[in-house]
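start12.csv follows; it contains CSV, C-alpha atoms.
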```csv
chain,number,residue,atom,x,y,z
A,639,MET,CA,57.4,3.0,145.8
A,640,ARG,CA,54.2,4.3,144.2
A,641,PRO,CA,53.3,8.0,144.8
A,642,ILE,CA,51.3,8.8,147.9
A,643,VAL,CA,48.7,11.4,146.9
A,644,GLN,CA,46.2,13.4,148.8
A,645,SER,CA,42.5,12.5,148.9
A,646,HIS,CA,40.1,13.7,146.3
A,647,LYS,CA,38.1,15.2,149.1
A,648,LEU,CA,40.7,18.0,149.0
A,649,ASP,CA,40.2,18.8,145.3
A,650,ASN,CA,38.0,21.8,145.9
A,651,VAL,CA,39.4,22.8,149.3
A,652,CYS,CA,41.6,25.8,149.6
A,653,TYR,CA,42.6,28.4,152.3
A,654,ASP,CA,44.6,31.1,150.6
A,655,ILE,CA,45.0,33.1,153.8
A,656,ARG,CA,47.7,30.6,154.7
A,657,GLY,CA,48.3,29.6,151.1
A,658,PRO,CA,51.2,29.7,148.6
A,659,ILE,CA,51.7,33.5,148.9
A,660,MET,CA,52.2,33.1,152.7
A,661,GLN,CA,54.6,30.3,152.0
A,662,ARG,CA,56.6,32.6,149.7
A,663,ALA,CA,56.6,35.2,152.4
A,664,ALA,CA,58.0,32.7,154.9
A,665,GLN,CA,60.8,31.8,152.4
A,666,MET,CA,61.6,35.5,152.0
A,667,GLU,CA,61.8,35.9,155.8
A,668,ALA,CA,64.1,32.9,156.0
A,669,GLU,CA,66.4,34.8,153.6
A,670,GLY,CA,66.5,37.7,156.0
A,671,GLN,CA,63.9,40.0,154.5
A,672,ARG,CA,61.4,41.8,156.8
A,673,ILE,CA,57.8,41.3,155.8
A,674,ILE,CA,54.8,43.4,157.0
A,675,LYS,CA,52.0,40.9,157.3
A,676,LEU,CA,48.5,42.2,156.6
A,677,ASN,CA,47.1,38.8,155.7
A,678,ILE,CA,45.7,37.3,158.9
A,679,GLY,CA,43.8,38.4,162.0
A,680,ASN,CA,46.3,37.0,164.5
A,681,LEU,CA,46.1,39.7,167.2
A,682,ALA,CA,48.9,38.5,169.4
A,683,ALA,CA,51.4,39.1,166.5
A,684,PHE,CA,50.5,42.8,166.7
A,685,ASP,CA,50.8,43.3,170.5
A,686,PHE,CA,47.1,42.9,171.4
A,687,ALA,CA,47.3,41.2,174.7
A,688,VAL,CA,44.9,38.6,176.2
A,689,PRO,CA,43.1,40.2,179.1
A,690,GLU,CA,45.1,39.8,182.3
A,691,GLU,CA,42.3,38.3,184.3
A,692,MET,CA,42.0,35.5,181.7
A,693,GLU,CA,45.7,34.7,182.0
A,694,GLN,CA,45.6,34.8,185.8
A,695,ASP,CA,42.6,32.4,186.0
A,696,LEU,CA,44.2,30.1,183.6
A,697,ALA,CA,47.4,30.0,185.7
A,698,ARG,CA,45.5,29.4,188.9
A,699,ASN,CA,43.5,26.4,187.4
A,700,ILE,CA,46.2,24.8,185.3
A,701,GLY,CA,46.7,22.0,187.8
A,702,GLN,CA,43.1,20.8,187.3
A,703,MET,CA,43.3,20.5,183.5
A,704,GLY,CA,45.1,17.3,183.0
A,705,GLY,CA,42.1,15.0,182.3
A,706,TYR,CA,39.3,14.9,179.7
A,707,THR,CA,36.4,17.1,180.2
A,708,ASP,CA,32.7,16.5,179.3
A,709,SER,CA,32.6,16.2,175.5
A,710,LYS,CA,30.3,19.2,175.3
A,711,GLY,CA,32.5,21.3,177.6
A,712,ILE,CA,33.0,22.1,181.2
A,713,PHE,CA,30.0,23.3,183.3
A,714,SER,CA,31.3,26.8,184.1
A,715,ALA,CA,32.1,27.6,180.4
A,716,ARG,CA,28.7,26.4,179.2
A,717,LYS,CA,26.9,28.2,182.0
A,718,ALA,CA,28.7,31.5,181.0
A,719,ILE,CA,27.8,30.9,177.3
A,720,MET,CA,24.2,30.3,178.3
A,721,HIS,CA,24.1,33.6,180.1
A,722,TYR,CA,25.8,35.2,177.1
A,723,ALA,CA,23.0,33.8,174.8
A,724,GLN,CA,20.4,35.3,177.2
A,725,GLN,CA,22.2,38.7,176.9
A,726,LYS,CA,22.0,38.4,173.1
A,727,ASN,CA,18.2,37.7,173.5
A,728,ILE,CA,18.6,34.2,172.0
A,729,LYS,CA,15.7,32.4,173.7
A,730,GLY,CA,15.3,28.9,175.1
A,731,VAL,CA,19.0,28.0,175.3
A,732,THR,CA,19.9,25.5,178.0
A,733,LEU,CA,23.3,24.0,179.0
A,734,ASP,CA,22.5,21.0,176.7
A,735,ASP,CA,22.2,23.4,173.7
A,736,ILE,CA,25.9,24.4,173.9
A,737,ILE,CA,28.9,22.6,172.6
A,738,VAL,CA,32.4,24.0,173.3
A,739,GLY,CA,35.1,23.3,170.6
A,740,ASN,CA,38.7,23.9,169.7
A,741,GLY,CA,38.0,27.3,168.2
A,742,ALA,CA,35.2,28.3,165.8
A,743,SER,CA,37.0,26.5,163.0
A,744,GLU,CA,36.4,23.0,164.5
A,745,LEU,CA,32.8,23.7,165.1
A,746,ILE,CA,32.3,24.9,161.5
A,747,GLY,CA,33.5,21.5,160.5
A,748,PHE,CA,31.1,19.8,162.9
A,749,ALA,CA,28.2,21.8,161.5
A,750,MET,CA,28.9,20.7,158.0
A,751,GLN,CA,29.9,17.1,158.7
A,752,GLY,CA,26.8,16.5,160.7
A,753,LEU,CA,24.4,17.9,158.1
A,754,LEU,CA,25.6,17.2,154.6
A,755,ASN,CA,25.3,14.2,152.3
A,756,PRO,CA,27.1,14.1,149.0
A,757,GLY,CA,25.7,16.7,146.6
A,758,ASP,CA,23.8,18.7,149.3
A,759,GLU,CA,24.2,22.5,148.8
A,760,VAL,CA,25.0,25.2,151.3
A,761,LEU,CA,24.5,28.9,150.6
A,762,VAL,CA,27.8,30.7,151.5
A,763,PRO,CA,28.4,34.5,151.1
A,764,SER,CA,30.7,35.9,148.5
A,765,PRO,CA,33.1,37.2,149.6
A,766,ASP,CA,33.3,34.8,152.5
A,767,TYR,CA,35.6,33.6,155.2
A,768,PRO,CA,37.0,30.7,153.1
A,769,LEU,CA,36.9,28.1,155.9
A,770,TRP,CA,33.1,27.9,155.4
A,771,THR,CA,33.5,27.1,151.7
A,772,ALA,CA,36.3,24.6,152.4
A,773,ALA,CA,34.4,22.9,155.2
A,774,THR,CA,31.3,22.5,153.0
A,775,SER,CA,33.4,20.8,150.3
A,776,LEU,CA,35.3,18.6,152.7
A,777,ALA,CA,31.9,17.4,154.0
A,778,SER,CA,31.0,16.3,150.5
A,779,GLY,CA,28.7,19.2,150.1
A,780,THR,CA,28.5,21.9,147.3
A,781,PRO,CA,29.1,25.5,148.3
A,782,VAL,CA,26.9,27.9,146.4
A,783,HIS,CA,28.0,31.5,146.7
A,784,TYR,CA,25.4,34.2,147.1
A,785,LEU,CA,26.3,37.8,146.4
A,786,CYS,CA,27.0,40.4,149.1
A,787,ASP,CA,26.5,43.7,147.3
A,788,GLU,CA,29.3,46.2,147.5
A,789,ALA,CA,27.0,49.0,146.2
A,790,ASP,CA,24.7,48.2,149.2
A,791,ASP,CA,27.4,48.4,151.9
A,792,TRP,CA,28.2,44.7,151.3
A,793,ASN,CA,24.7,43.5,152.5
A,794,PRO,CA,23.6,40.1,151.2
A,795,SER,CA,21.4,40.2,148.1
A,796,ILE,CA,18.2,38.5,149.1
A,797,ALA,CA,17.2,38.2,145.5
A,798,ASP,CA,20.4,36.4,144.7
A,799,ILE,CA,19.9,34.1,147.7
A,800,ARG,CA,16.4,33.2,146.5
A,801,ALA,CA,17.6,32.6,142.9
A,802,LYS,CA,20.2,30.1,144.1
A,803,ILE,CA,18.0,27.9,146.2
A,804,THR,CA,17.3,24.4,144.9
A,805,ASP,CA,15.8,21.2,146.3
A,806,LYS,CA,19.4,20.3,147.4
A,807,THR,CA,19.9,23.4,149.5
A,808,LYS,CA,20.2,22.5,153.3
A,809,ALA,CA,21.6,25.6,155.0
A,810,ILE,CA,22.6,29.3,154.6
A,811,VAL,CA,25.7,30.7,156.2
A,812,VAL,CA,25.5,34.2,157.6
A,813,ILE,CA,28.8,35.9,158.6
A,814,ASN,CA,27.9,39.0,160.7
A,815,PRO,CA,29.9,41.0,161.4
A,816,ASN,CA,31.5,40.1,158.1
A,817,ASN,CA,34.9,38.9,157.3
A,818,PRO,CA,36.4,40.2,154.9
A,819,THR,CA,34.3,43.3,154.4
A,820,GLY,CA,33.6,44.6,157.9
A,821,ALA,CA,29.9,44.9,157.1
A,822,LEU,CA,27.3,44.8,159.8
A,823,TYR,CA,23.8,43.7,158.8
A,824,SER,CA,20.6,45.5,159.9
A,825,ASN,CA,17.7,43.7,161.5
A,826,GLU,CA,15.7,44.1,158.3
A,827,VAL,CA,18.3,42.2,156.3
A,828,LEU,CA,18.5,39.5,159.0
A,829,LEU,CA,14.7,39.1,159.1
A,830,ASP,CA,14.7,38.8,155.3
A,831,ILE,CA,17.2,35.9,155.6
A,832,ILE,CA,15.1,34.3,158.3
A,833,GLN,CA,12.1,34.5,156.0
A,834,VAL,CA,14.0,32.7,153.2
A,835,ALA,CA,15.1,30.0,155.7
A,836,ARG,CA,11.6,29.6,157.0
A,837,GLU,CA,10.1,29.2,153.5
A,838,PHE,CA,12.6,26.6,152.4
A,839,GLY,CA,13.3,24.8,155.6
A,840,LEU,CA,17.0,25.8,155.8
A,841,VAL,CA,19.4,25.7,158.8
A,842,ILE,CA,20.9,29.1,159.5
A,843,MET,CA,24.6,28.9,160.5
A,844,ALA,CA,25.6,32.2,162.0
A,845,ASP,CA,29.3,33.1,162.4
A,846,GLU,CA,29.4,35.9,164.9
A,847,ILE,CA,33.0,35.8,166.0
A,848,TYR,CA,33.4,39.6,165.7
A,849,ASP,CA,30.2,40.6,167.5
A,850,LYS,CA,31.9,42.9,170.0
A,851,VAL,CA,34.4,44.5,167.5
A,852,LEU,CA,32.0,47.3,166.5
A,853,TYR,CA,32.8,51.0,165.6
A,854,ASP,CA,30.9,54.3,165.6
A,855,GLY,CA,28.3,53.2,168.1
A,856,ASN,CA,27.0,50.4,166.0
A,857,LYS,CA,25.2,47.5,167.7
A,858,HIS,CA,25.1,43.9,166.7
A,859,THR,CA,21.9,41.8,166.6
A,860,SER,CA,22.3,38.0,166.8
A,861,ILE,CA,20.2,36.6,164.0
A,862,ALA,CA,19.0,33.8,166.3
A,863,SER,CA,17.4,36.3,168.6
A,864,LEU,CA,14.8,37.2,165.9
A,865,ALA,CA,12.9,33.9,165.5
A,866,ASP,CA,12.2,30.6,167.2
A,867,ASP,CA,10.7,28.7,164.3
A,868,VAL,CA,13.9,28.2,162.3
A,869,PHE,CA,16.9,26.1,163.5
A,870,PHE,CA,20.0,28.2,164.2
A,871,ILE,CA,23.6,27.3,164.9
A,872,THR,CA,25.4,30.4,166.3
A,873,ILE,CA,29.2,30.1,166.4
A,874,ASN,CA,31.5,32.4,168.5
A,875,GLY,CA,34.6,32.2,170.6
A,876,LEU,CA,37.5,33.9,172.4
A,877,SER,CA,39.8,34.5,169.4
A,878,LYS,CA,38.8,38.0,168.3
A,879,ASN,CA,36.8,39.8,171.0
A,880,TYR,CA,39.3,38.6,173.7
A,881,ARG,CA,42.5,38.6,171.6
A,882,ALA,CA,43.0,34.9,172.5
A,883,CYS,CA,43.5,33.1,169.1
A,884,GLY,CA,45.9,30.6,170.5
A,885,TYR,CA,43.5,29.5,173.3
A,886,ARG,CA,41.4,27.7,170.7
A,887,ALA,CA,38.2,28.1,172.6
A,888,GLY,CA,35.0,28.5,170.7
A,889,TRP,CA,31.4,27.4,171.1
A,890,MET,CA,28.2,26.7,169.2
A,891,ILE,CA,24.7,27.6,170.5
A,892,LEU,CA,21.8,25.5,169.2
A,893,SER,CA,18.5,27.4,169.2
A,894,GLY,CA,15.1,27.9,167.6
A,895,ALA,CA,13.4,24.8,166.1
A,896,LYS,CA,15.3,22.3,168.1
A,897,GLU,CA,12.7,19.6,168.0
A,898,ALA,CA,12.7,19.5,164.2
A,899,ALA,CA,16.5,19.3,164.3
A,900,ALA,CA,16.7,16.5,167.0
A,901,ASP,CA,18.4,14.0,164.7
A,902,TYR,CA,20.9,16.5,163.4
A,903,ILE,CA,21.7,17.6,167.0
A,904,GLU,CA,22.3,14.0,167.9
A,905,GLY,CA,24.9,13.9,165.1
A,906,LEU,CA,26.6,17.0,166.4
A,907,VAL,CA,26.8,15.5,169.9
A,908,LEU,CA,28.3,12.4,168.4
A,909,LEU,CA,31.0,14.4,166.6
A,910,ALA,CA,31.8,16.2,169.8
A,911,SER,CA,32.1,12.9,171.7
A,912,MET,CA,34.4,11.4,169.0
A,913,ARG,CA,37.1,14.0,169.6
A,914,LEU,CA,36.7,13.3,173.4
A,915,CYS,CA,36.8,16.9,174.5
A,916,ALA,CA,37.9,20.4,173.6
A,917,ASN,CA,41.1,22.0,174.8
A,918,ALA,CA,40.7,22.1,178.6
A,919,PRO,CA,42.8,25.2,179.4
A,920,GLY,CA,40.9,27.3,176.8
A,921,GLN,CA,37.6,26.2,178.3
A,922,HIS,CA,38.6,27.4,181.7
A,923,ALA,CA,39.1,30.9,180.3
A,924,ILE,CA,35.6,31.3,178.9
A,925,GLN,CA,33.7,32.1,182.1
A,926,THR,CA,36.3,34.8,183.0
A,927,ALA,CA,36.2,36.2,179.5
A,928,LEU,CA,32.4,36.5,179.3
A,929,GLY,CA,31.9,37.9,182.7
A,930,GLY,CA,33.0,41.3,184.1
A,931,TYR,CA,34.6,44.2,182.2
A,932,GLN,CA,34.9,43.9,178.5
A,933,SER,CA,38.3,45.4,177.5
A,934,ILE,CA,37.5,45.3,173.8
A,935,ASP,CA,35.3,48.4,174.5
A,936,ASP,CA,38.5,50.5,175.0
A,937,LEU,CA,40.0,49.4,171.7
A,938,ILE,CA,36.9,50.2,169.6
A,939,ALA,CA,35.9,53.5,171.3
A,940,GLU,CA,36.7,56.8,169.7
A,941,GLY,CA,40.5,57.2,170.2
A,942,GLY,CA,40.9,53.5,170.9
A,943,ARG,CA,43.7,51.7,169.1
A,944,LEU,CA,41.5,49.6,166.7
A,945,ARG,CA,39.3,52.5,165.8
A,946,ARG,CA,42.3,54.8,165.1
A,947,GLN,CA,43.9,52.1,162.9
A,948,ARG,CA,40.7,51.5,161.0
A,949,ASP,CA,40.4,55.2,160.3
A,950,LEU,CA,44.0,55.5,159.3
A,951,ALA,CA,43.9,52.6,156.9
A,952,TYR,CA,40.6,53.6,155.4
A,953,ASN,CA,41.7,57.2,154.8
A,954,MET,CA,45.1,56.3,153.3
A,955,LEU,CA,43.7,53.6,151.0
A,956,THR,CA,40.9,55.7,149.6
A,957,ALA,CA,43.3,58.5,148.9
A,958,ILE,CA,45.2,56.3,146.4
A,959,PRO,CA,44.0,56.9,142.8
A,960,GLY,CA,41.6,54.3,141.7
A,961,VAL,CA,41.1,52.7,145.1
A,962,THR,CA,37.6,52.7,146.7
A,963,CYS,CA,36.4,51.0,149.9
A,964,VAL,CA,33.3,50.6,151.9
A,965,LYS,CA,34.2,51.8,155.4
A,966,PRO,CA,34.0,48.8,157.8
A,967,LYS,CA,31.5,49.1,160.6
A,968,ALA,CA,33.0,46.1,162.4
A,969,ALA,CA,35.8,43.5,162.5
A,970,MET,CA,39.4,44.3,161.6
A,971,TYR,CA,39.6,44.2,157.9
A,972,LEU,CA,39.1,46.4,154.8
A,973,PHE,CA,38.2,45.0,151.4
A,974,PRO,CA,39.2,47.7,148.9
A,975,LYS,CA,38.4,47.7,145.2
A,976,LEU,CA,40.9,48.6,142.5
A,977,ASP,CA,39.5,50.3,139.5
A,978,PRO,CA,39.8,47.6,136.7
A,979,VAL,CA,40.6,50.2,134.0
A,980,MET,CA,43.5,51.7,136.0
A,981,TYR,CA,44.6,48.3,137.3
A,982,PRO,CA,43.8,45.6,134.7
A,983,ILE,CA,44.5,42.7,136.9
A,984,LYS,CA,44.2,39.3,135.2
A,985,ASN,CA,45.3,37.1,138.1
A,986,ASP,CA,45.0,38.6,141.5
A,987,GLN,CA,47.3,36.0,143.1
A,988,ASP,CA,50.1,37.0,140.8
A,989,PHE,CA,49.3,40.6,141.7
A,990,VAL,CA,49.7,40.1,145.4
A,991,LEU,CA,52.8,38.0,144.8
A,992,GLU,CA,54.5,40.7,142.9
A,993,PHE,CA,53.4,43.2,145.5
A,994,LEU,CA,55.0,41.0,148.2
A,995,GLU,CA,58.2,40.6,146.3
A,996,ARG,CA,58.6,44.3,145.3
A,997,GLU,CA,57.4,45.9,148.6
A,998,LYS,CA,57.7,43.2,151.3
A,999,VAL,CA,54.0,43.5,152.3
A,1000,LEU,CA,51.7,40.4,152.5
A,1001,VAL,CA,48.0,40.7,151.8
A,1002,VAL,CA,45.4,38.3,150.5
A,1003,GLN,CA,43.8,38.5,147.1
A,1004,GLY,CA,40.0,38.9,146.8
A,1005,THR,CA,39.5,35.6,145.0
A,1006,GLY,CA,40.9,33.9,148.1
A,1007,PHE,CA,37.6,34.9,149.7
A,1008,ASN,CA,35.6,33.4,146.8
A,1009,TRP,CA,35.0,36.8,145.3
A,1010,LYS,CA,34.1,36.6,141.7
A,1011,ASP,CA,36.4,39.2,140.2
A,1012,THR,CA,40.2,40.0,140.5
A,1013,ASP,CA,39.7,43.6,141.6
A,1014,HIS,CA,39.7,43.3,145.5
A,1015,LEU,CA,42.2,42.7,148.2
A,1016,ARG,CA,41.8,42.2,152.0
A,1017,PHE,CA,43.9,44.3,154.3
A,1018,VAL,CA,44.2,43.6,158.0
A,1019,PHE,CA,44.5,46.8,160.0
A,1020,LEU,CA,46.0,45.3,163.1
A,1021,PRO,CA,49.7,46.6,163.0
A,1022,HIS,CA,50.6,49.7,165.0
A,1023,GLU,CA,49.9,52.9,163.2
A,1024,GLU,CA,53.5,53.6,162.2
A,1025,GLN,CA,53.9,50.2,160.5
A,1026,LEU,CA,50.4,50.3,159.0
A,1027,ARG,CA,51.2,53.7,157.5
A,1028,GLU,CA,54.4,52.3,156.0
A,1029,ALA,CA,52.6,49.3,154.5
A,1030,ILE,CA,50.0,51.4,152.8
A,1031,GLU,CA,52.6,53.9,151.5
A,1032,ARG,CA,54.4,50.9,150.0
A,1033,PHE,CA,51.0,49.8,148.5
A,1034,ALA,CA,50.5,53.3,147.0
A,1035,ARG,CA,54.1,53.1,145.5
A,1036,TYR,CA,53.4,49.7,144.0
A,1037,LEU,CA,50.1,50.8,142.5
A,1038,ALA,CA,51.9,53.8,140.9
A,1039,PHE,CA,54.3,51.5,139.3
A,1040,TYR,CA,51.5,49.2,138.2
A,1041,ARG,CA,49.6,52.0,136.6
A,1042,GLU,CA,52.6,53.3,134.7
A,1043,ARG,CA,53.4,49.8,133.4
A,1044,ALA,CA,49.8,49.2,132.4
A,1045,GLN,CA,49.6,52.6,130.6
A,1046,ALA,CA,52.8,51.9,128.7
A,1047,ALA,CA,51.5,48.5,127.6
A,1048,ALA,CA,48.2,49.9,126.4
```
Can you dump the structure from the file as structure tokens?
Amino acid sequence: MRPIVQSHKLDNVCYDIRGPIMQRAAQMEAEGQRIIKLNIGNLAAFDFAVPEEMEQDLARNIGQMGGYTDSKGIFSARKAIMHYAQQKNIKGVTLDDIIVGNGASELIGFAMQGLLNPGDEVLVPSPDYPLWTAATSLASGTPVHYLCDEADDWNPSIADIRAKITDKTKAIVVINPNNPTGALYSNEVLLDIIQVAREFGLVIMADEIYDKVLYDGNKHTSIASLADDVFFITINGLSKNYRACGYRAGWMILSGAKEAAADYIEGLVLLASMRLCANAPGQHAIQTALGGYQSIDDLIAEGGRLRRQRDLAYNMLTAIPGVTCVKPKAAMYLFPKLDPVMYPIKNDQDFVLEFLEREKVLVVQGTGFNWKDTDHLRFVFLPHEEQLREAIERFARYLAFYRERAQAAA
């Protein structure tokens, strides 16, 4: 039989968060080794519980969830999302402007598939959440990475964005709060991005999945709240703010210049109809999640678990010789930099593989987030403090070994 090979559509698609290093970690676990996993923001794995009222409402309604729902989502979920958009000051949003999906990831795919023709370009941040780059490529588009500047608290470089626009550019992706850096963008930065989109007729695709995971009293502004003459797709969901990754409940909000985007919106509705409907149980949790007490507030407050773990991880990492990091204002990740003189890393995937095999700790290399150099890693700070401390102590030990070996070879 002739070989059966994968489609060429996958040639430029990668997702290293669940890539070959994670596969090696799974193999090591199968051999009986205990791995500390700092590679993925799966909150349930670290004892972050789904809010009780969400679980209770899901249990009460489970008998009504056997059939297909409306392809855009059930009424109660979309109504709650509409009210959420109003709270975020996103104007002019109706029920028809909301599409519920199987997590933000499905909707990112919809956004790209509905917009792009072969060769069309999308501006994606670097570093990025790699699903945006992968979805662009899978939709026959070309991801063009614009710089987020570490020296400027990881804010997008507006000059670099402008320099990379061509007549093929169709959209710009804004991940705010940012994964993997934990950056939170100011209104001034967001307004600059809107001005670029306005000048060049670009769609703004806003990933705001961490918009409640904020530290030190910081506030989040939805970029779609700052203009109505640009077309916005705002994507959010239950995975992070509500610790419900497995519920696979996300949504997109269409706002701004909707008349100009009427044909594109028709395509998005078609894609939603083709998959019949989103996961029904997850949809029934949305109204409960968005209404009432927001339990994430306890976790991010001073003394809250997420805040304590962020501070612990930041302080321990930056105490290691040659390691610097911009302190995250949001989300649940750090993106530290290793001094390239002290740590002359040629291949960061090999670096994190050796770290895994020596110290039994799993992280993701910076190039897995489409960062241009081999000098960064992403750390998830979700484990309990004792385990987080142990993981970073192992990292410090590995870096000491790496420094000594590099000095000996020099």
### Query
atom CA of Ala772 of chain A and atom CA of Gln751 of chain A, how far apart in Å?
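Taking atom CA of Gln751 of chain A as the start and atom CA of Ala772 of chain A as the end point, the length is 11.7 Å.
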### Task
Pick out the residues sitting within 10 Å of Asp805 of chain A, and hand them over as a PyMOL selection string; count only C-alpha atoms, and ignore anything fewer than 2 positions along from it in its own chain.
chain A and resi 758-759+803+807-808+838
### Task
Could you tell me which of A:Arg672, A:Lys998, A:Lys647, A:Arg800 comes closest to Glu1031 of chain A if we count only C-alpha atoms?
A:Lys998
### Task
For each of A:Ile659, A:Asp1011, A:Leu753, A:Leu745, take the minimum atom-to-atom distance to Asp901 of chain A, counting all atoms listed in the file, then give the residue where this is smallest.
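Comparing A:Ile659, A:Asp1011, A:Leu753, A:Leu745 against Asp901 of chain A, the winner is A:Leu753.
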### Task
Would you kindly return, as a PyMOL selection string, each protein, DNA or RNA residue with an atom no farther than 10 Å from any atom of segment 943-946 of chain A, considering all atoms listed in the file and excluding same-chain residues fewer than 2 positions away?
chain A and resi 686+851-854+934+936-941+948-952+967-970+1019-1023
### Message
Just checking: using all atoms listed in the file, which residue out of A:Ala682, A:Leu754, A:Ala715, A:Val782 ends up closest to Ile810 of chain A?
### Response
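That would be A:Val782, the residue with the smallest distance to Ile810 of chain A.
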### Query
Taking into account all atoms listed in the file, which residue in the set A:Gly741, A:Leu648, A:Glu1024, A:Glu997 is nearest to Ala882 of chain A?
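The closest residue to Ala882 of chain A is A:Gly741.
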### Task
Find the distance between atom CA of Gln1003 of chain A and atom CA of Glu669 of chain A and write it in Å to one decimal.
23.8 Å
### Task
Work out how far atom CA of Ile813 of chain A is from atom CA of Pro978 of chain A, in Å to one decimal.
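Calculated distance between atom CA of Pro978 of chain A and atom CA of Ile813 of chain A is 27.2 Å.
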### Task
Return the single residue from A:Ala718, A:Ile891, A:Ile712, A:Ile847 that is closest to Leu928 of chain A, with distances computed using only C-alpha atoms.
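Comparing A:Ala718, A:Ile891, A:Ile712, A:Ile847 against Leu928 of chain A, the winner is A:Ala718.
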### For segment 817-834 of chain A: contacts at 6 Å, all atoms listed in the file, fewer than 2 positions along chain excluded, given as a PyMOL selection string
chain A and resi 767+814-815+836-837+966-969+971-973
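Considering all atoms listed in the file, the residue among A:Lys850, A:Arg662, A:Lys984, A:Arg1032 positioned nearest to Tyr880 of chain A is A:Lys850.
By all atoms listed in the file, and with residues fewer than 2 positions from Ile958 of chain A along its chain excluded, the set lying at most 10 Å from it is Asn953, Met954, Leu955, Thr956, Gly960, Val961, Thr962, Leu976, Ile1030, Glu1031, Phe1033, Ala1034, Arg1035, Leu1037 and Ala1038 of chain A.
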### Task
Would you list the contacts of segment 990-994 of chain A as a PyMOL selection string, taking every protein, DNA or RNA residue within 12 Å and counting only C-alpha atoms, but skipping same-chain residues closer than 6 positions in sequence?
chain A and resi 654-655+657-667+671-677+983-984+1000-1006+1012-1017+1029-1030+1032-1040
Counting only C-alpha atoms, which residues of segment 704-734 of chain A fall within 10 Å of segment 858-879 of chain A, and what is the closest atom pair for each with its distance in Å at one decimal, ordered by chain and rising number, as a Markdown table?
```
| residue | atom | partner | partner_atom | distance |
| --- | --- | --- | --- | --- |
| A:Ile719 | CA | A:Gly875 | CA | 9.6 |
| A:Ala723 | CA | A:Ser863 | CA | 8.7 |
| A:Gln724 | CA | A:Ser863 | CA | 9.2 |
| A:Gln725 | CA | A:Ser863 | CA | 9.9 |
| A:Lys726 | CA | A:Ser860 | CA | 6.3 |
| A:Asn727 | CA | A:Ser863 | CA | 5.2 |
| A:Ile728 | CA | A:Ser863 | CA | 4.2 |
| A:Lys729 | CA | A:Ser863 | CA | 6.6 |
| A:Gly730 | CA | A:Asp866 | CA | 8.7 |
```
